[in-house]
Amino acid sequence: MEEMEEELKCPVCGSFYREPIILPCSHNLCQACARNILVQTPESESPQSRRASGSGVSDYDYLDLDKMSLYSEADSGYGSYGGFASAPTTPCQKSPNGVRVFPPAMPPPPTHLSPALAPVPRNSCITCPQCHRSLILDDRGLRGFPKNRVLEGVIDRYQQSKAAALKCQLCEKAPKEATVMCEQCDVFYCDPCRLRCHPPRGPLAKHRLVPPAQGRVSRRLSPRKVSTCTDHELENHSMYCVQCKMPVCYQCLEEGKHSSHEVKALGAMWKLHKSQLSQALNGLSDRAKEAKEFLVQLRTMVQQIQENSVEFEACLVAQCDALIDALNRRKAQLLARVNKEHEHKLKVVRDQISHCTVKLRQTTGLMEYCLEVIKENDPSGFLQISDALIRRVHLTEDQWGKGTLTPRMTTDFDLSLDNSPLLQSIHQLDFVQVKASSPVPATPILQLEECCTHNNSATLSWKQPPLSTVAAEGYILELDDGSGGQFREVYVGKETMCTVDGLHFNSTYNARVKAFNKTGVSPYSKTLVLQTSEGCSLEAQSASYSQLVDIKKLLAVAWFAFDPGSAHSDIIFSNDNLTVTCSSYDDRVVLGKTGFSKGVHYWELTIDRYDNHPDPAFGVARIDVMKDVMLGKDDKAWAITEGGITKGATIGVLLDLNRKTLTFFINNEQQGPIAFENVEGLFFPAVSLNRNVQVTLHTGLPVPDFYSSRASIA
């Protein structure tokens with residue numbers, strides 16, 4: 001709970017709040033501190049004098065940070081509270097905890113009353129030291145501000161948990177440990193002070209003295225004062241004004257300014273706001289957990305950078321030792337550059353650790369404070385601060401947004417020496433592309449071990465040369481058409497890995513990449529040759545149509561699963577993305593992960609669950625098909641809807657892109673003639689279903705014998 005301590009300290013005195021009051025801006029102040037920072041405004045600046053002179057409320061100018069920025073009710077969008085109005089600017093100073101506060105215009109008059117009851121000068125103004133909004137007090141003075149009893153309770157529990165031993169309250173210098181507590185006086189005494197100030201005679205003889213620990217418990221269990229209305233001090237809060245967002249009494253509803261406002265039961269709104277704060281804390285708690293894990297990751301990165309640095313230096317020294325006679329003059333320079341890279345990585349990671357640690361400490365403090373507030377059983381007190389806390393929790397959660405928990409630096413040292421030509425040209429030895437005469441980025445290097453193809457998709461990966469000092473702003477990946485034609489751009493961006501979908505089966509593609517920055521583009525990398533999976537063809541170039549051809553010998557099959565990335569959010573995946581169902585009663589669409597543009601392809605779907613006669617649809621679709629309607633309802637899908645399907649049935653889909661046809665099978669029997677013709681383009685297997693249906697996908701299958709025989713003699 002140590003992080004919560006900042007939430008419990010007054011921004012003026014820097015100590016724990018004493019009798020805190022709630023300002024209209026939702027910030028808190030000690031009652032005594034609030035009186036200390038009151039400022040008496042000139043008579044000409046008061047709202048009464050402005051109304052008397054006939055002039056309207058003017059907008060105040062925006063001042064610099066040193067002079068403080070004050071806002072009028074008109075331009076800030078923030079209404080005055082209980083008759084308060086905006087106040088003029090006043091010189092400011094800093095409190096012990098660094099927050100700017102306004103000093104009193106004149107010393108407060110001596111009074112024996114409490115700070116809340118003592119009269120305040122006419123036209124007194126108070127400025128919040130945190131948000132700098134200024135308000136002129138009405139006739140009630142500080143009594144017009146509600147007391148934050150929830151905060152008092154949290155502070156009491158916090159101090160009790162931190163207190164090691166109770167001290168005497170009457171010792172003048174170094175307080176001694178208390179030995180007794182008087183329940184009537186509510187004071188802790190040591191033995192000397194008890195004998196001197198609380199003798200066991202006269203009226204004091206009837207007082208009950210108890211051990212300090214028992215006295216602390218009795219203090220904690222003593223009932224708190226019931227919250228009273230600031231406008232009607234003799235009335236307790238009984239309802240909650242929805243429009244003003246504050247607890248009110250029944251007189252406020254009958255004769256006050258809340259008479260025409262919407263009100264709700266105090267207990268119901270208390271439970272509602274507690275629920276809202278709890279829900280907001282759940283999201284913030286997840287962010288805090290991610291932040292803790294992220295800090296562990298960053299600290300691990302420091303060790304990995306150290307280890308990788310040592311390993312890289314060892315490799316570099318080994319290379320230099322092989323060329324020791326020619327490299328002695330260059331060895332120190334190369335090591336210096338490695339150390340520079342090492343220090344740079346460490347600095348970036350350590351700076352991020354420091355930044356994330358501070359933010360996490362603030363988040364944890366807010367969470368602990370909110371959890372303590374939720375424990376309070378005072379509805380009106382809780383509702384006075386719940387809105388502000390909910391907003392703070394949401395704002396803090398947003399600060400942990402995308403990118404905050406991503407390392408800014410990698411742990412790898414992707415450095416290497418091109419030492420093959422250096423024995424003959426030792427005087428030109430240097431890290432690649434480090435010369436100032438080459439301002440364009442270095443040529444990217446394709447990482448062959450990470451480049452691969454799957455079905456009709458190709459994944460390519462590349463990187464900058466080791467220790468390249470010319471930064472690349474992005475990369476351009478180019479592929480040809482699979483038939484040796486011209487190259488075309490398929491990706492432009494900052495990433496160093498790209499997957500290209502929708503390629504032709506059984507095709508050979510050439511790929512290359514280049515880097516660019518503001519100066520220009522680098523040369524192309526070496527060309528990489530990629531071979532996609534074998535395509536499916538119904539044609540035999542060397543055979544005439546009069547000959548019988550075994551179609552199965554000409555076909556290669558594709559293996560794929562459903563694609564979670566493009567599916568509707570209501571789709572539920574299982575069985576390695578081969579089985580799908582839905583959480584909604586409405587139809588939702590899911591696509592296969594592989595698209596087809598040529599060849600013959602066949603797959604099946606089995607009905608695992610079929611309740612209440614739903615209408616699933618099976619077929620193919622384009623990538624931009626609508627995902628929230630039944631398949632086939634737009635012009636981006638071709639499908640079959642069969643009401644006679646039962647549990648355990650098998651639906652087969654045959655896509656023949658060579659003949660541009662789509663055929664369906666149920667339990668290995670073709671359903672009528674060809675369902676669709678003139679099917680051309682890039683298509684993905686597709687299914688639409690609701691929560692009453694569950695299907696499993698089967699791929700890598702040969703075409704049915706019936707279609708094979710018919711195609712062979714066509």
# chains A, B, ... in the order shown; residues from 1 in each chain; ligands from 1

$ residues_around --residues "region 509-526 of chain A" --least-positions-apart "6" --cutoff "6 Å" --atoms "only C-alpha atoms" --output "list in words"
Val440, Pro441, Ala442, Thr443, Pro444, Ala472, Glu473, Gly474, Tyr475, Ile476, Leu477, Glu478, Leu479, Asp480 and Gly482 of chain A

$ residues_around --residues "Gly681 (chain A)" --least-positions-apart "3" --cutoff "9 Å" --atoms "only C-alpha atoms" --output "short mmCIF file (atom, residue, chain, number, x, y, z; two decimals) with N, CA, C and O atoms, in the first residue's frame"
data_model
loop_
_atom_site.label_atom_id
_atom_site.label_comp_id
_atom_site.auth_asym_id
_atom_site.auth_seq_id
_atom_site.Cartn_x
_atom_site.Cartn_y
_atom_site.Cartn_z
N PHE A 596 -7.65 -19.47 -53.55
CA PHE A 596 -7.36 -20.18 -54.79
C PHE A 596 -7.70 -19.28 -55.98
O PHE A 596 -8.74 -18.63 -56.01
N SER A 597 -6.80 -19.28 -56.98
CA SER A 597 -7.03 -18.50 -58.19
C SER A 597 -6.97 -19.36 -59.46
O SER A 597 -7.39 -18.92 -60.52
N LYS A 598 -6.43 -20.58 -59.35
CA LYS A 598 -6.46 -21.50 -60.48
C LYS A 598 -6.29 -22.92 -59.98
O LYS A 598 -5.87 -23.16 -58.85
N ARG A 622 -15.08 -14.08 -51.72
CA ARG A 622 -13.92 -13.21 -51.87
C ARG A 622 -13.51 -12.71 -50.48
O ARG A 622 -14.26 -12.81 -49.52
N LEU A 657 -11.37 -24.07 -60.96
CA LEU A 657 -11.08 -22.77 -61.55
C LEU A 657 -10.57 -22.88 -62.97
O LEU A 657 -10.47 -21.87 -63.67
#

$ atom_distance --atom1 "CA of Val580 (chain A)" --atom2 "CA of Pro564 (chain A)"
9.9 Å

$ select_by_dssp --residues "region 329-503 of chain A" --states "strand (DSSP E)" --output "VMD selection string"
chain A and resid 445 to 446 452 to 454 457 to 463 474 to 479 488 to 493 497 to 500

$ write_last_selection --atoms "C-alpha atoms" --output "mmCIF file, in the first residue's frame"
data_model
loop_
_atom_site.group_PDB
_atom_site.id
_atom_site.type_symbol
_atom_site.label_atom_id
_atom_site.label_comp_id
_atom_site.auth_asym_id
_atom_site.auth_seq_id
_atom_site.Cartn_x
_atom_site.Cartn_y
_atom_site.Cartn_z
ATOM 1 C CA ILE A 445 19.867 -8.909 -46.918
ATOM 2 C CA LEU A 446 17.212 -11.587 -47.440
ATOM 3 C CA CYS A 452 9.278 -20.055 -47.002
ATOM 4 C CA THR A 453 6.124 -20.895 -48.956
ATOM 5 C CA HIS A 454 2.918 -22.601 -47.812
ATOM 6 C CA SER A 457 1.348 -18.024 -49.813
ATOM 7 C CA ALA A 458 4.956 -16.847 -49.531
ATOM 8 C CA THR A 459 6.666 -15.382 -46.474
ATOM 9 C CA LEU A 460 9.821 -13.311 -46.912
ATOM 10 C CA SER A 461 12.136 -11.831 -44.289
ATOM 11 C CA TRP A 462 15.052 -9.438 -44.600
ATOM 12 C CA LYS A 463 17.303 -7.222 -42.492
ATOM 13 C CA GLY A 474 11.154 1.675 -45.056
ATOM 14 C CA TYR A 475 11.387 -1.178 -47.540
ATOM 15 C CA ILE A 476 9.873 -2.073 -50.907
ATOM 16 C CA LEU A 477 9.196 -5.748 -51.669
ATOM 17 C CA GLU A 478 8.681 -6.742 -55.293
ATOM 18 C CA LEU A 479 7.500 -10.007 -56.903
ATOM 19 C CA ARG A 488 5.515 -5.323 -59.201
ATOM 20 C CA GLU A 489 5.415 -3.825 -55.700
ATOM 21 C CA VAL A 490 3.558 -5.995 -53.184
ATOM 22 C CA TYR A 491 4.608 -4.277 -49.935
ATOM 23 C CA VAL A 492 5.879 -0.843 -48.848
ATOM 24 C CA GLY A 493 6.483 -0.183 -45.138
ATOM 25 C CA MET A 497 8.802 -9.507 -42.771
ATOM 26 C CA CYS A 498 5.872 -9.867 -45.151
ATOM 27 C CA THR A 499 3.493 -12.679 -46.135
ATOM 28 C CA VAL A 500 1.978 -12.492 -49.608
#

$ atom_distance --atom1 "CA of His237 (chain A)" --atom2 "CA of Val373 (chain A)"
19.0 Å

$ atom_distance --atom1 "CA of Pro439 (chain A)" --atom2 "CA of Thr469 (chain A)"
9.3 Å

$ closest_residue --among "A:Glu343, A:Gly202, A:Ser533, A:Gly401" --to "Glu290 (chain A)" --atoms "only C-alpha atoms"
A:Gly401

$ closest_residue --among "A:Thr527, A:Gln670, A:Thr641, A:Asn678" --to "Asn658 (chain A)" --atoms "only C-alpha atoms"
A:Asn678

$ closest_residue --among "A:Phe562, A:Phe382, A:Phe664, A:Phe684" --to "Thr650 (chain A)" --atoms "only C-alpha atoms"
A:Phe664

$ residues_around --residues "Leu277 (chain A)" --least-positions-apart "6" --cutoff "9 Å" --atoms "only C-alpha atoms" --output "PDB file with N, CA and C atoms, in the first residue's frame"
ATOM      1  N   CYS A 370      -8.340   3.134  -4.917  1.00  0.00           N
ATOM      2  CA  CYS A 370      -9.702   2.827  -5.352  1.00  0.00           C
ATOM      3  C   CYS A 370     -10.253   1.601  -4.624  1.00  0.00           C
ATOM      4  N   ILE A 374     -13.634   1.433  -2.362  1.00  0.00           N
ATOM      5  CA  ILE A 374     -14.735   0.492  -2.582  1.00  0.00           C
ATOM      6  C   ILE A 374     -15.147  -0.191  -1.273  1.00  0.00           C
ATOM      7  N   SER A 386     -16.883   9.096  -6.613  1.00  0.00           N
ATOM      8  CA  SER A 386     -16.816   7.946  -7.528  1.00  0.00           C
ATOM      9  C   SER A 386     -16.636   8.364  -8.972  1.00  0.00           C
ATOM     10  N   ASP A 387     -17.353   9.423  -9.416  1.00  0.00           N
ATOM     11  CA  ASP A 387     -17.238   9.837 -10.825  1.00  0.00           C
ATOM     12  C   ASP A 387     -15.810  10.228 -11.167  1.00  0.00           C
ATOM     13  N   LEU A 389     -13.078   9.284  -9.655  1.00  0.00           N
ATOM     14  CA  LEU A 389     -12.192   8.116  -9.642  1.00  0.00           C
ATOM     15  C   LEU A 389     -12.364   7.269 -10.896  1.00  0.00           C
ATOM     16  N   ILE A 390     -13.606   7.121 -11.337  1.00  0.00           N
ATOM     17  CA  ILE A 390     -13.842   6.329 -12.554  1.00  0.00           C
ATOM     18  C   ILE A 390     -13.155   6.970 -13.744  1.00  0.00           C
ATOM     19  N   VAL A 393      -9.426   6.336 -13.472  1.00  0.00           N
ATOM     20  CA  VAL A 393      -9.068   4.952 -13.794  1.00  0.00           C
ATOM     21  C   VAL A 393      -9.063   4.741 -15.303  1.00  0.00           C
TER      22      VAL A 393
END

$ residues_around --residues "Leu29 (chain A)" --least-positions-apart "6" --cutoff "9 Å" --atoms "only C-alpha atoms" --output "PyMOL selection string"
chain A and resi 9-12+17-23+128-129

$ closest_residue --among "A:Val625, A:Leu654, A:Leu689, A:Cys315" --to "Asp586 (chain A)" --atoms "only C-alpha atoms"
A:Leu689

$ select_by_dssp --residues "region 318-544 of chain A" --states "alpha helix (DSSP H)" --output "PyMOL selection string"
chain A and resi 318-322+324-374+379-399
